[in-house]
Amino acid sequence: QLQAAQALRYQVFSQTYGIQPGDADNESDCDRYDPYCEHLLVRDLISDQIIATTRLLDRQAALQAGGFYSEAEFQLIGLHSLRGNIVEIGRTCVHPDWRSGACIATLWSGIAQLMNDRDYNYLIGCASIGMSDGGIQTQAIMQRLRDRYLDRSLIAAEPKTCVPCPRVPDNVTAQLPPLLKAYMRLGARICGEPSWDPLFNVADVFILL
């Protein structure tokens, strides 16, 4: 099941970002965090195909993994003094043929059930914005997010690699990626400026829910 999830991640990420993440020879997106994570899968009951996946890393497992994935991209001031149970979500992807409300709703309901059953107080993670335009869309999105969603009161996320800051033309409209839009609808906050991930060529925004 994990191999199927990693294959789906490779397919989605390679098509979306034009890269070969993880183990390109075996077309598998894998990294050092996978063995410490729990992997949530959405399966089509007719074809038995895995059509969506995300992974969860809680505070105890993060200690064994050497930290949260987000800590590789951000200095997270206040994270370790945050009281309560924390879980990090990451590597979320949905098969291109299944990006409907039903599949995404099923994935989110599974996440919500786990958070409720295990009394997780906080969900953290990175939401990605494509940088193929040199960062124009990233800056447009951040202009939109800063006024309504920026909150450093619990965690201040300082990017380890800053993204370019091109001028945003007047005719550019901020188009929030689906995952980032879903976080905002759920009441999440962003905790600082984005960090550049050179492997995927994306700007990652740290979110706290």
# chains A, B, ... in the order shown; residues from 1 in each chain; ligands from 1
>>> select_by_dssp(residues="chain A", states="helix (DSSP H, G or I)", output="JSON, numbers by chain")
{"A": [2, 3, 4, 5, 6, 7, 8, 9, 10, 11, 12, 13, 14, 15, 16, 17, 34, 35, 36, 59, 60, 61, 62, 63, 64, 65, 69, 70, 71, 72, 79, 80, 81, 96, 97, 98, 101, 102, 103, 104, 105, 106, 107, 108, 109, 110, 111, 112, 113, 114, 115, 116, 117, 136, 137, 138, 139, 140, 141, 142, 143, 144, 145, 146, 147, 148, 149, 178, 179, 180, 181, 182, 183, 184, 185]}
>>> select_by_dssp(residues="stretch 28-192 of chain A", states="strand (DSSP E)", output="MDAnalysis selection string")
chainID A and resid 38:43 50:58 74:77 86:94 122:130 156:159 189:190
>>> residues_around(residues="stretch 158-170 of chain A", least_positions_apart="2", cutoff="8 Å", atoms="only C-alpha atoms", output="PyMOL selection string")
chain A and resi 73-77+134-137+139-140+156+172+192-197+203
>>> residues_around(residues="A:Gly101", least_positions_apart="6", cutoff="12 Å", atoms="only C-alpha atoms", output="NGL selection string")
:A and (94 or 107-109 or 178 or 182)
>>> closest_residue(among="A:Asn26, A:Ser128, A:Thr53, A:Ser70", to="A:Lys181", atoms="only C-alpha atoms")
A:Ser128
>>> closest_residue(among="A:Cys37, A:Ile111, A:Ala52, A:Ala127", to="A:Ala4", atoms="only C-alpha atoms")
A:Ala52
>>> closest_residue(among="A:Asp204, A:His80, A:Ala7, A:Ala102", to="A:Leu63", atoms="only C-alpha atoms")
A:His80
>>> residues_around(residues="A:Leu179", least_positions_apart="4", cutoff="10 Å", atoms="only C-alpha atoms", output="PDB file with C-alpha atoms, in the first residue's frame")
ATOM      1  CA  THR A  92      -0.868  15.298  -0.170  1.00  0.00           C
ATOM      2  CA  CYS A  93      -1.906  14.465  -3.723  1.00  0.00           C
ATOM      3  CA  ILE A 104     -11.122  15.319  -1.675  1.00  0.00           C
ATOM      4  CA  CYS A 126       3.299  23.110   4.020  1.00  0.00           C
ATOM      5  CA  ALA A 127       1.059  24.159   1.150  1.00  0.00           C
ATOM      6  CA  SER A 128       2.843  24.636  -2.161  1.00  0.00           C
ATOM      7  CA  ILE A 129       2.573  27.329  -4.816  1.00  0.00           C
ATOM      8  CA  TYR A 183      -6.760  24.932   4.442  1.00  0.00           C
ATOM      9  CA  MET A 184      -8.058  28.502   4.460  1.00  0.00           C
ATOM     10  CA  ARG A 185     -11.669  27.328   4.286  1.00  0.00           C
TER      11      ARG A 185
END
>>> residues_around(residues="A:Glu38", least_positions_apart="6", cutoff="8 Å", atoms="only C-alpha atoms", output="short mmCIF file (atom, residue, chain, number, x, y, z; two decimals) with N, CA and C atoms, in the first residue's frame")
data_model
loop_
_atom_site.label_atom_id
_atom_site.label_comp_id
_atom_site.auth_asym_id
_atom_site.auth_seq_id
_atom_site.Cartn_x
_atom_site.Cartn_y
_atom_site.Cartn_z
N ARG A 55 0.18 11.95 4.18
CA ARG A 55 0.87 11.28 5.26
C ARG A 55 0.84 12.15 6.50
N LEU A 56 0.88 11.49 7.65
CA LEU A 56 0.78 12.20 8.92
C LEU A 56 1.95 11.82 9.82
N LEU A 57 2.54 12.85 10.43
CA LEU A 57 3.69 12.67 11.31
C LEU A 57 3.39 13.41 12.61
#
